[in-house]
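Asker: One file: coords_33.cif (mmCIF, C-alpha atoms).
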```
data_query
loop_
_atom_site.label_atom_id
_atom_site.label_comp_id
_atom_site.auth_asym_id
_atom_site.auth_seq_id
_atom_site.Cartn_x
_atom_site.Cartn_y
_atom_site.Cartn_z
CA MET A 1 28.54 98.00 -74.76
CA LYS A 2 28.64 95.18 -77.30
CA LYS A 3 28.95 92.58 -74.58
CA ARG A 4 25.93 94.07 -72.81
CA ASP A 5 23.85 93.93 -76.00
CA ASP A 6 24.87 90.31 -76.57
CA LEU A 7 23.95 89.50 -73.00
CA ASN A 8 20.52 91.15 -73.38
CA ARG A 9 19.90 89.29 -76.63
CA GLY A 10 20.89 86.04 -74.90
CA HIS A 11 18.41 86.66 -72.06
CA ALA A 12 15.67 87.51 -74.55
CA LEU A 13 16.36 84.35 -76.54
CA GLU A 14 16.38 82.24 -73.39
CA LYS A 15 13.06 83.74 -72.31
CA ARG A 16 11.55 83.10 -75.74
CA MET A 17 12.76 79.50 -75.70
CA GLY A 18 11.31 79.04 -72.21
CA VAL A 19 7.89 80.23 -73.41
CA GLN A 20 8.04 77.96 -76.46
CA GLY A 21 9.06 75.00 -74.30
CA PHE A 22 6.14 75.67 -71.97
CA LEU A 23 3.74 75.77 -74.95
CA LEU A 24 5.11 72.45 -76.18
CA TYR A 25 4.60 70.85 -72.76
CA LEU A 26 1.14 72.37 -72.26
CA PRO A 27 -0.92 69.78 -74.28
CA ALA A 28 0.69 66.87 -72.38
CA VAL A 29 0.11 68.61 -69.04
CA LEU A 30 -3.57 69.22 -69.91
CA ILE A 31 -4.06 65.59 -70.97
CA ILE A 32 -2.46 64.31 -67.75
CA PHE A 33 -4.63 66.67 -65.70
CA LEU A 34 -7.86 65.65 -67.45
CA ILE A 35 -7.15 61.90 -67.42
CA ILE A 36 -5.35 61.43 -64.09
CA LEU A 37 -5.31 64.43 -61.77
CA TYR A 38 -8.90 65.63 -62.21
CA PRO A 39 -10.50 62.20 -61.50
CA LEU A 40 -8.15 61.75 -58.55
CA ILE A 41 -9.02 65.14 -57.06
CA TYR A 42 -12.73 64.55 -57.72
CA ALA A 43 -12.61 61.12 -56.03
CA LEU A 44 -10.71 62.61 -53.08
CA CYS A 45 -13.34 65.32 -52.61
CA MET A 46 -16.19 62.82 -52.99
CA SER A 47 -14.65 60.52 -50.37
CA PHE A 48 -15.40 63.15 -47.72
CA THR A 49 -19.11 63.25 -48.59
CA ASN A 50 -22.12 60.95 -48.30
CA TYR A 51 -22.87 61.28 -52.00
CA ARG A 52 -25.42 58.87 -53.44
CA PRO A 53 -27.21 59.19 -56.79
CA THR A 54 -30.52 58.39 -55.08
CA VAL A 55 -30.15 61.11 -52.42
CA ARG A 56 -30.46 64.79 -53.23
CA ASN A 57 -28.94 66.24 -50.07
CA VAL A 58 -25.17 65.81 -50.11
CA SER A 59 -23.23 66.75 -47.00
CA ILE A 60 -19.61 66.62 -45.91
CA VAL A 61 -19.00 63.77 -43.49
CA GLY A 62 -15.27 64.20 -42.97
CA PHE A 63 -13.34 60.98 -42.36
CA SER A 64 -16.38 58.92 -41.45
CA ASN A 65 -16.27 57.05 -44.80
CA TYR A 66 -12.65 56.07 -44.15
CA ALA A 67 -13.47 55.02 -40.59
CA LYS A 68 -16.39 52.93 -41.83
CA ILE A 69 -14.30 51.23 -44.52
CA LEU A 70 -11.31 50.55 -42.28
CA SER A 71 -13.58 48.97 -39.67
CA ASP A 72 -15.39 46.84 -42.25
CA SER A 73 -14.38 43.17 -42.18
CA ASP A 74 -15.41 42.78 -45.84
CA PHE A 75 -12.83 45.38 -46.85
CA TRP A 76 -10.01 43.56 -45.06
CA ALA A 77 -11.18 40.25 -46.52
CA ALA A 78 -10.99 41.82 -50.00
CA MET A 79 -7.51 43.12 -49.20
CA GLY A 80 -6.47 39.62 -48.14
CA ARG A 81 -7.81 38.13 -51.36
CA SER A 82 -6.00 40.82 -53.37
CA LEU A 83 -2.74 40.00 -51.60
CA PHE A 84 -3.20 36.27 -52.15
CA PHE A 85 -4.08 36.79 -55.81
CA THR A 86 -1.15 39.16 -56.35
CA ILE A 87 1.57 37.33 -54.42
CA THR A 88 0.66 33.88 -55.78
CA SER A 89 0.46 35.12 -59.36
CA LEU A 90 3.64 37.17 -59.10
CA THR A 91 5.70 34.39 -57.49
CA LEU A 92 4.81 31.88 -60.17
CA GLN A 93 5.28 34.45 -62.93
CA ILE A 94 8.81 35.17 -61.70
CA ILE A 95 9.70 31.46 -61.43
CA LEU A 96 8.26 30.59 -64.85
CA GLY A 97 9.69 33.74 -66.40
CA LEU A 98 13.19 32.92 -65.14
CA ALA A 99 12.98 29.32 -66.33
CA LEU A 100 11.68 30.24 -69.80
CA ALA A 101 14.17 33.09 -70.15
CA GLN A 102 17.02 30.68 -69.37
CA LEU A 103 15.65 28.25 -71.93
CA LEU A 104 15.16 30.85 -74.68
CA ASN A 105 18.61 32.29 -74.01
CA HIS A 106 20.37 28.94 -74.36
CA PRO A 107 23.05 29.15 -77.07
CA ARG A 108 22.13 25.75 -78.56
CA LEU A 109 18.44 26.57 -79.02
CA LYS A 110 17.36 26.65 -82.65
CA CYS A 111 14.77 29.09 -84.08
CA LYS A 112 15.14 31.46 -81.14
CA MET A 113 13.26 34.34 -82.75
CA LEU A 114 10.28 32.09 -83.54
CA PHE A 115 9.99 30.77 -79.99
CA ARG A 116 10.46 34.23 -78.48
CA GLY A 117 7.70 35.59 -80.69
CA LEU A 118 5.36 32.78 -79.68
CA ALA A 119 6.22 33.22 -75.99
CA ILE A 120 5.14 36.88 -75.96
CA THR A 121 1.78 36.16 -77.65
CA PRO A 122 -0.36 35.85 -74.46
CA TRP A 123 0.71 39.34 -73.37
CA LEU A 124 -0.60 40.77 -76.66
CA ILE A 125 -4.12 39.43 -76.09
CA PRO A 126 -6.49 41.92 -74.37
CA THR A 127 -7.28 41.12 -70.74
CA VAL A 128 -11.02 40.84 -71.40
CA SER A 129 -10.38 38.27 -74.14
CA VAL A 130 -8.13 36.27 -71.79
CA ALA A 131 -10.85 36.33 -69.12
CA LEU A 132 -13.48 35.07 -71.57
CA ILE A 133 -11.17 32.34 -72.89
CA PHE A 134 -10.52 30.92 -69.40
CA LYS A 135 -14.17 31.36 -68.41
CA TRP A 136 -15.27 29.29 -71.38
CA MET A 137 -12.51 26.71 -70.92
CA PHE A 138 -13.63 25.98 -67.35
CA ASN A 139 -17.36 26.23 -68.00
CA ASP A 140 -19.24 23.30 -66.44
CA LEU A 141 -21.58 22.79 -69.41
CA TYR A 142 -19.56 23.39 -72.57
CA GLY A 143 -15.99 23.88 -71.32
CA ILE A 144 -13.27 21.99 -73.16
CA LEU A 145 -11.52 20.97 -69.92
CA ASN A 146 -14.55 19.10 -68.62
CA PHE A 147 -15.05 17.54 -72.05
CA MET A 148 -11.47 16.21 -72.08
CA LEU A 149 -11.51 14.98 -68.47
CA VAL A 150 -14.83 13.18 -68.92
CA ASP A 151 -13.72 11.76 -72.27
CA ILE A 152 -10.54 10.17 -70.86
CA GLY A 153 -12.36 8.93 -67.75
CA ILE A 154 -10.85 11.12 -65.04
CA LEU A 155 -14.27 12.66 -64.24
CA ASP A 156 -17.61 10.86 -64.28
CA LYS A 157 -19.52 14.07 -64.99
CA PRO A 158 -18.67 17.75 -65.69
CA TYR A 159 -17.36 19.65 -62.68
CA ALA A 160 -18.53 23.18 -61.86
CA TRP A 161 -15.09 24.81 -61.60
CA MET A 162 -16.34 28.36 -61.34
CA SER A 163 -18.89 27.57 -58.63
CA GLY A 164 -16.38 26.74 -55.90
CA GLY A 165 -14.57 29.53 -54.08
CA LYS A 166 -11.13 27.88 -54.03
CA THR A 167 -11.29 26.60 -57.60
CA ALA A 168 -12.56 29.96 -58.89
CA MET A 169 -9.63 31.78 -57.28
CA PHE A 170 -7.25 29.13 -58.64
CA ILE A 171 -8.57 29.70 -62.18
CA LEU A 172 -8.27 33.46 -61.72
CA VAL A 173 -4.64 33.08 -60.65
CA LEU A 174 -3.98 30.68 -63.53
CA ALA A 175 -5.37 33.15 -66.08
CA ASN A 176 -3.24 35.94 -64.64
CA ILE A 177 -0.12 33.76 -64.72
CA TRP A 178 -0.76 32.78 -68.34
CA ARG A 179 -1.05 36.39 -69.42
CA GLY A 180 1.61 37.97 -67.17
CA THR A 181 4.46 35.46 -67.53
CA PRO A 182 5.46 36.62 -71.06
CA LEU A 183 6.13 40.14 -69.74
CA MET A 184 8.41 38.81 -67.01
CA LEU A 185 10.05 36.52 -69.56
CA THR A 186 10.81 39.47 -71.83
CA MET A 187 12.28 41.53 -68.98
CA PHE A 188 14.44 38.66 -67.72
CA LEU A 189 15.57 37.75 -71.24
CA ALA A 190 16.76 41.31 -71.80
CA GLY A 191 18.60 41.18 -68.48
CA LEU A 192 20.26 37.86 -69.35
CA GLN A 193 21.52 39.21 -72.65
CA GLY A 194 23.21 42.03 -70.75
CA ILE A 195 25.36 39.62 -68.70
CA PRO A 196 28.83 39.21 -70.26
CA GLY A 197 29.52 35.71 -71.53
CA ASP A 198 33.06 35.82 -70.15
CA TYR A 199 31.68 35.15 -66.67
CA TYR A 200 30.20 31.83 -67.78
CA GLU A 201 33.35 30.91 -69.69
CA ALA A 202 35.45 31.44 -66.57
CA ALA A 203 32.97 29.41 -64.50
CA ARG A 204 33.12 26.51 -66.99
CA VAL A 205 36.91 26.56 -66.95
CA ASP A 206 36.80 26.28 -63.15
CA GLY A 207 34.45 23.31 -63.44
CA ALA A 208 31.32 25.03 -62.13
CA SER A 209 27.97 23.32 -62.74
CA ALA A 210 25.02 25.01 -64.44
CA TRP A 211 23.19 25.35 -61.11
CA TYR A 212 26.26 26.90 -59.47
CA SER A 213 26.61 29.38 -62.34
CA PHE A 214 22.95 30.33 -61.99
CA ARG A 215 23.26 30.90 -58.23
CA LYS A 216 26.57 32.76 -58.31
CA ILE A 217 26.42 34.61 -61.64
CA THR A 218 23.00 34.74 -63.26
CA PHE A 219 20.71 35.43 -60.33
CA PRO A 220 22.87 38.03 -58.53
CA LEU A 221 23.34 40.03 -61.75
CA LEU A 222 19.70 39.59 -62.70
CA LEU A 223 18.39 40.51 -59.25
CA PRO A 224 17.91 44.25 -60.00
CA VAL A 225 15.78 43.37 -63.03
CA VAL A 226 13.77 40.91 -60.93
CA MET A 227 13.20 43.57 -58.26
CA VAL A 228 12.06 46.27 -60.67
CA SER A 229 9.87 43.92 -62.73
CA GLY A 230 8.38 42.33 -59.60
CA VAL A 231 7.42 45.62 -57.93
CA LEU A 232 5.98 47.02 -61.15
CA ARG A 233 3.98 43.86 -61.80
CA PHE A 234 2.81 43.84 -58.16
CA ILE A 235 1.31 47.31 -58.61
CA TRP A 236 -0.47 46.31 -61.82
CA THR A 237 -1.79 43.01 -60.46
CA PHE A 238 -2.99 44.41 -57.14
CA ASN A 239 -4.93 47.04 -59.08
CA PHE A 240 -6.49 44.53 -61.52
CA TYR A 241 -10.21 45.01 -62.03
CA ASP A 242 -11.08 43.75 -65.51
CA LEU A 243 -9.82 40.16 -65.18
CA PRO A 244 -11.66 39.27 -61.91
CA TRP A 245 -14.79 41.16 -62.91
CA VAL A 246 -15.19 39.57 -66.35
CA MET A 247 -14.39 36.06 -65.10
CA THR A 248 -16.33 35.89 -61.82
CA GLN A 249 -17.72 39.36 -60.91
CA GLY A 250 -16.34 38.67 -57.45
CA GLY A 251 -18.22 35.42 -56.98
CA PRO A 252 -19.05 32.85 -55.91
CA ALA A 253 -20.08 34.29 -52.53
CA ASP A 254 -17.40 37.03 -52.77
CA ALA A 255 -14.64 34.39 -52.94
CA THR A 256 -12.85 36.32 -55.71
CA THR A 257 -13.85 39.85 -54.67
CA THR A 258 -10.55 41.69 -54.72
CA THR A 259 -10.18 45.27 -53.48
CA PRO A 260 -10.83 46.97 -56.87
CA VAL A 261 -13.93 44.80 -57.39
CA TYR A 262 -15.06 45.57 -53.83
CA ALA A 263 -14.67 49.31 -54.50
CA TYR A 264 -16.72 49.01 -57.69
CA LYS A 265 -19.48 47.07 -55.95
CA ARG A 266 -19.59 49.55 -53.08
CA ALA A 267 -19.80 52.52 -55.43
CA PHE A 268 -22.01 51.29 -58.27
CA SER A 269 -23.93 48.31 -56.88
CA SER A 270 -24.74 49.79 -53.47
CA TYR A 271 -24.73 53.35 -54.90
CA ARG A 272 -22.44 54.58 -52.11
CA LEU A 273 -20.08 56.64 -54.22
CA GLY A 274 -18.60 58.39 -51.20
CA GLU A 275 -17.53 55.11 -49.62
CA GLY A 276 -16.40 53.71 -52.97
CA SER A 277 -14.23 56.79 -53.48
CA ALA A 278 -12.74 56.32 -50.00
CA ILE A 279 -11.76 52.74 -50.91
CA SER A 280 -10.16 53.99 -54.11
CA ILE A 281 -8.13 56.59 -52.22
CA ILE A 282 -6.96 53.97 -49.70
CA LEU A 283 -5.97 51.71 -52.59
CA PHE A 284 -4.15 54.64 -54.20
CA ILE A 285 -2.14 55.26 -51.01
CA VAL A 286 -1.19 51.58 -50.75
CA LEU A 287 -0.04 51.48 -54.36
CA LEU A 288 1.79 54.79 -53.89
CA VAL A 289 3.96 53.09 -51.27
CA PHE A 290 4.82 50.32 -53.73
CA ALA A 291 5.47 52.93 -56.43
CA PHE A 292 8.03 54.50 -54.08
CA ILE A 293 9.61 51.05 -53.64
CA TYR A 294 9.64 50.67 -57.42
CA PHE A 295 11.55 53.92 -57.93
CA ARG A 296 14.02 52.94 -55.21
CA ALA A 297 14.53 49.57 -56.90
CA LYS A 298 14.92 51.29 -60.27
CA LYS A 299 17.56 53.59 -58.79
CA TYR A 300 19.37 50.55 -57.41
CA GLN A 301 19.18 48.88 -60.83
CA ASP A 302 20.61 51.92 -62.59
CA LYS A 303 23.46 52.02 -60.06
CA ILE A 304 24.28 48.35 -60.68
CA TYR A 305 24.23 48.59 -64.47
CA LYS A 306 25.86 52.02 -64.66
#
```
I need this file expressed as structure tokens, please.

Answerer:
Amino acid sequence: MKKRDDLNRGHALEKRMGVQGFLLYLPAVLIIFLIILYPLIYALCMSFTNYRPTVRNVSIVGFSNYAKILSDSDFWAAMGRSLFFTITSLTLQIILGLALAQLLNHPRLKCKMLFRGLAITPWLIPTVSVALIFKWMFNDLYGILNFMLVDIGILDKPYAWMSGGKTAMFILVLANIWRGTPLMLTMFLAGLQGIPGDYYEAARVDGASAWYSFRKITFPLLLPVVMVSGVLRFIWTFNFYDLPWVMTQGGPADATTTTPVYAYKRAFSSYRLGEGSAISIILFIVLLVFAFIYFRAKKYQDKIYK
């Protein structure tokens, strides 16, 4: 009888704790629903309509918005520019991040904490501020770059950097590299500090060079960190809207119109919110695939460092 009473009290306590746990989770669930799930569901529903602010009659058009977008050459051109912007930026960020992490992890480097603090500074600056800084630096009238190049005689007159399609994309990539490299540096530096120093001692005893140690010790052990950081940064960069929009607004002549900028223009410049929502959903599906790759890479990383 006593055991049965104890068992009943245990079930009652477990049920009470379950209710309290649910109440503790409820605010976070509501915030996630309001900020993420509700806009996503609303955009998904709108993508199946011909909704425009200037048209009163809204009707369901099924998958016609998706068919129109997927058959639009401008959409695929924007996807190509997004891939170029993302892959170029990410590749250089990884290379520079690895090189700087190796440098800042060198045992003979003095004032390590000072240099590490300075290296992370660009990541702390808001993206809009970074965009304005680079936009002003490369301005053809009052930009400091033109002033310096004209002053030392490399240019005869100021050059309109932001007016050319190739140079505008180059500046956009450069701004993204400048801001994103410190994050990669921090991730790689943390990974390097997790590699036991005994491996390098054994390699030095065997007469291995620094390049051989990097190829056979550093990079293989750092590869999981590179994979996870690279996939995560790919998702963020591919979804960038603020940096291209503030710097170029997709110009000149759509030369820097990436997919997020193209979706914004379609929705709020052409007032085709149904088609703009369809582009957003397509972009969401693409990034969902890379999110799956990220979790797989993270699982692989945890297995390696377990």

Asker: Find, counting all atoms listed in the file, the residue in A:Ile195, A:Ile36, A:Leu70, A:Val55 that gets nearest to A:Tyr271.

Answerer: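 Closest candidate: A:Val55.
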
Asker: Leaving out A:Pro126 and any residue of its chain fewer than 5 positions from it, which residues lie within 10 Å of it when counting all atoms listed in the file, given as a PyMOL selection string?

Answerer: chain A and resi 131+179+243

Asker: Now that the selection is made, can you save its residues with C-alpha atoms as a short mmCIF file (atom, residue, chain, number, x, y, z; two decimals), keeping the file's coordinate frame?

Answerer:
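So the final result, stored in result22.cif, reads:
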```cif
data_model
loop_
_atom_site.label_atom_id
_atom_site.label_comp_id
_atom_site.auth_asym_id
_atom_site.auth_seq_id
_atom_site.Cartn_x
_atom_site.Cartn_y
_atom_site.Cartn_z
CA ALA A 131 -10.85 36.33 -69.12
CA ARG A 179 -1.05 36.39 -69.42
CA LEU A 243 -9.82 40.16 -65.18
#
```

Asker: Report the distance between atom CA of A:Trp76 and atom CA of A:Thr257 in Å, rounded to one decimal place.

Answerer: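 About the pair atom CA of A:Trp76 and atom CA of A:Thr257: they are 11.0 Å apart.
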
Asker: Give as a list of chain:residue names every residue, naming chains and numbers as the document does, that has an atom within 9 Å of (-16.6, 55.0, -53.9), counting all atoms listed in the file.

Answerer: A:Ala43, A:Met46, A:Ser47, A:Ala263, A:Tyr264, A:Lys265, A:Arg266, A:Ala267, A:Phe268, A:Tyr271, A:Arg272, A:Leu273, A:Gly274, A:Glu275, A:Gly276, A:Ser277, A:Ala278, A:Ile279, A:Ser280, A:Ile281

Asker: What does the file look like for those residues with C-alpha atoms, as a PDB file, in the frame of the given file?

Answerer:
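Writing the result to part.pdb gives the following:
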```pdb
ATOM      1  CA  ALA A  43     -12.610  61.120 -56.030  1.00  0.00           C
ATOM      2  CA  MET A  46     -16.190  62.820 -52.990  1.00  0.00           C
ATOM      3  CA  SER A  47     -14.650  60.520 -50.370  1.00  0.00           C
ATOM      4  CA  ALA A 263     -14.670  49.310 -54.500  1.00  0.00           C
ATOM      5  CA  TYR A 264     -16.720  49.010 -57.690  1.00  0.00           C
ATOM      6  CA  LYS A 265     -19.480  47.070 -55.950  1.00  0.00           C
ATOM      7  CA  ARG A 266     -19.590  49.550 -53.080  1.00  0.00           C
ATOM      8  CA  ALA A 267     -19.800  52.520 -55.430  1.00  0.00           C
ATOM      9  CA  PHE A 268     -22.010  51.290 -58.270  1.00  0.00           C
ATOM     10  CA  TYR A 271     -24.730  53.350 -54.900  1.00  0.00           C
ATOM     11  CA  ARG A 272     -22.440  54.580 -52.110  1.00  0.00           C
ATOM     12  CA  LEU A 273     -20.080  56.640 -54.220  1.00  0.00           C
ATOM     13  CA  GLY A 274     -18.600  58.390 -51.200  1.00  0.00           C
ATOM     14  CA  GLU A 275     -17.530  55.110 -49.620  1.00  0.00           C
ATOM     15  CA  GLY A 276     -16.400  53.710 -52.970  1.00  0.00           C
ATOM     16  CA  SER A 277     -14.230  56.790 -53.480  1.00  0.00           C
ATOM     17  CA  ALA A 278     -12.740  56.320 -50.000  1.00  0.00           C
ATOM     18  CA  ILE A 279     -11.760  52.740 -50.910  1.00  0.00           C
ATOM     19  CA  SER A 280     -10.160  53.990 -54.110  1.00  0.00           C
ATOM     20  CA  ILE A 281      -8.130  56.590 -52.220  1.00  0.00           C
TER      21      ILE A 281
END
```

Asker: Counting all atoms listed in the file, which of A:Ser64, A:Thr127, A:Thr258, A:Ser73 gets nearest to A:Gly180?

Answerer: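 Smallest distance to A:Gly180 is found for A:Thr127.
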
Asker: Residues at most 12 Å from A:Ile120, counting all atoms listed in the file, excluding those fewer than 6 positions away in the same chain, as a ChimeraX atom specification?

Answerer: /A:97,100-101,104,113-114,178-187,189

Asker: Compare A:Ala175, A:Ser71, A:Lys157, A:Val61 by their minimum atom-to-atom distance to A:Ile125, counting all atoms listed in the file, and give me the closest one.

Answerer: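 Using all atoms listed in the file, the shortest distance to A:Ile125 belongs to A:Ala175.
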
Asker: On this structure, which residues satisfy the PyMOL selection byres ((chain A and resi 191) around 12), written as number ranges by chain?

Answerer: A: 97-98, 101-102, 105, 184-190, 192-196, 218-229, 301, 305

Asker: Go ahead and compute the interatomic distance for atom CA of A:Ile60 and atom CA of A:Val286, in Å to one decimal.

Answerer: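 Separating atom CA of A:Ile60 from atom CA of A:Val286 is a distance of 24.3 Å.
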
Asker: Quick one, how far is atom CA of A:Trp236 from atom CA of A:Ile94?

Answerer: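 Between atom CA of A:Trp236 and atom CA of A:Ile94 the gap works out to 14.5 Å.
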
Asker: Show me the residues around (-18.1, 31.0, -66.0) - criterion: an atom at most 6 Å away, all atoms listed in the file counted - as a list in words.

Answerer: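 Protein and nucleic acid residues near the point are Lys135, Asn139 and Met162 of chain A.
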
Asker: With all atoms listed in the file as the basis for distance, which of A:Ile285, A:Leu109, A:Val246, A:Met79 is at the shortest distance from A:Thr259?

Answerer: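 Ranking A:Ile285, A:Leu109, A:Val246, A:Met79 by distance to A:Thr259, first place goes to A:Met79.
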
Asker: Restricting the calculation to all atoms listed in the file: of A:Phe284, A:Gly197, A:Lys110, A:Arg56, which residue gets closest to A:Leu40?

Answerer: A:Phe284

Asker: Find the residues near A:Leu83: any atom within 10 Å, counting only C-alpha atoms, skip ones fewer than 6 places away on the same chain, and give them as a list in words.

Answerer: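 In the requested form, the answer reads Ala77, Ser89, Phe234, Thr237, Phe238, Thr258 and Thr259 of chain A.
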
Asker: Keeping only C-alpha atoms, write the selected residues as a PDB file, keeping the file's coordinate frame.

Answerer:
```pdb
ATOM      1  CA  ALA A  77     -11.180  40.250 -46.520  1.00  0.00           C
ATOM      2  CA  SER A  89       0.460  35.120 -59.360  1.00  0.00           C
ATOM      3  CA  PHE A 234       2.810  43.840 -58.160  1.00  0.00           C
ATOM      4  CA  THR A 237      -1.790  43.010 -60.460  1.00  0.00           C
ATOM      5  CA  PHE A 238      -2.990  44.410 -57.140  1.00  0.00           C
ATOM      6  CA  THR A 258     -10.550  41.690 -54.720  1.00  0.00           C
ATOM      7  CA  THR A 259     -10.180  45.270 -53.480  1.00  0.00           C
TER       8      THR A 259
END
```
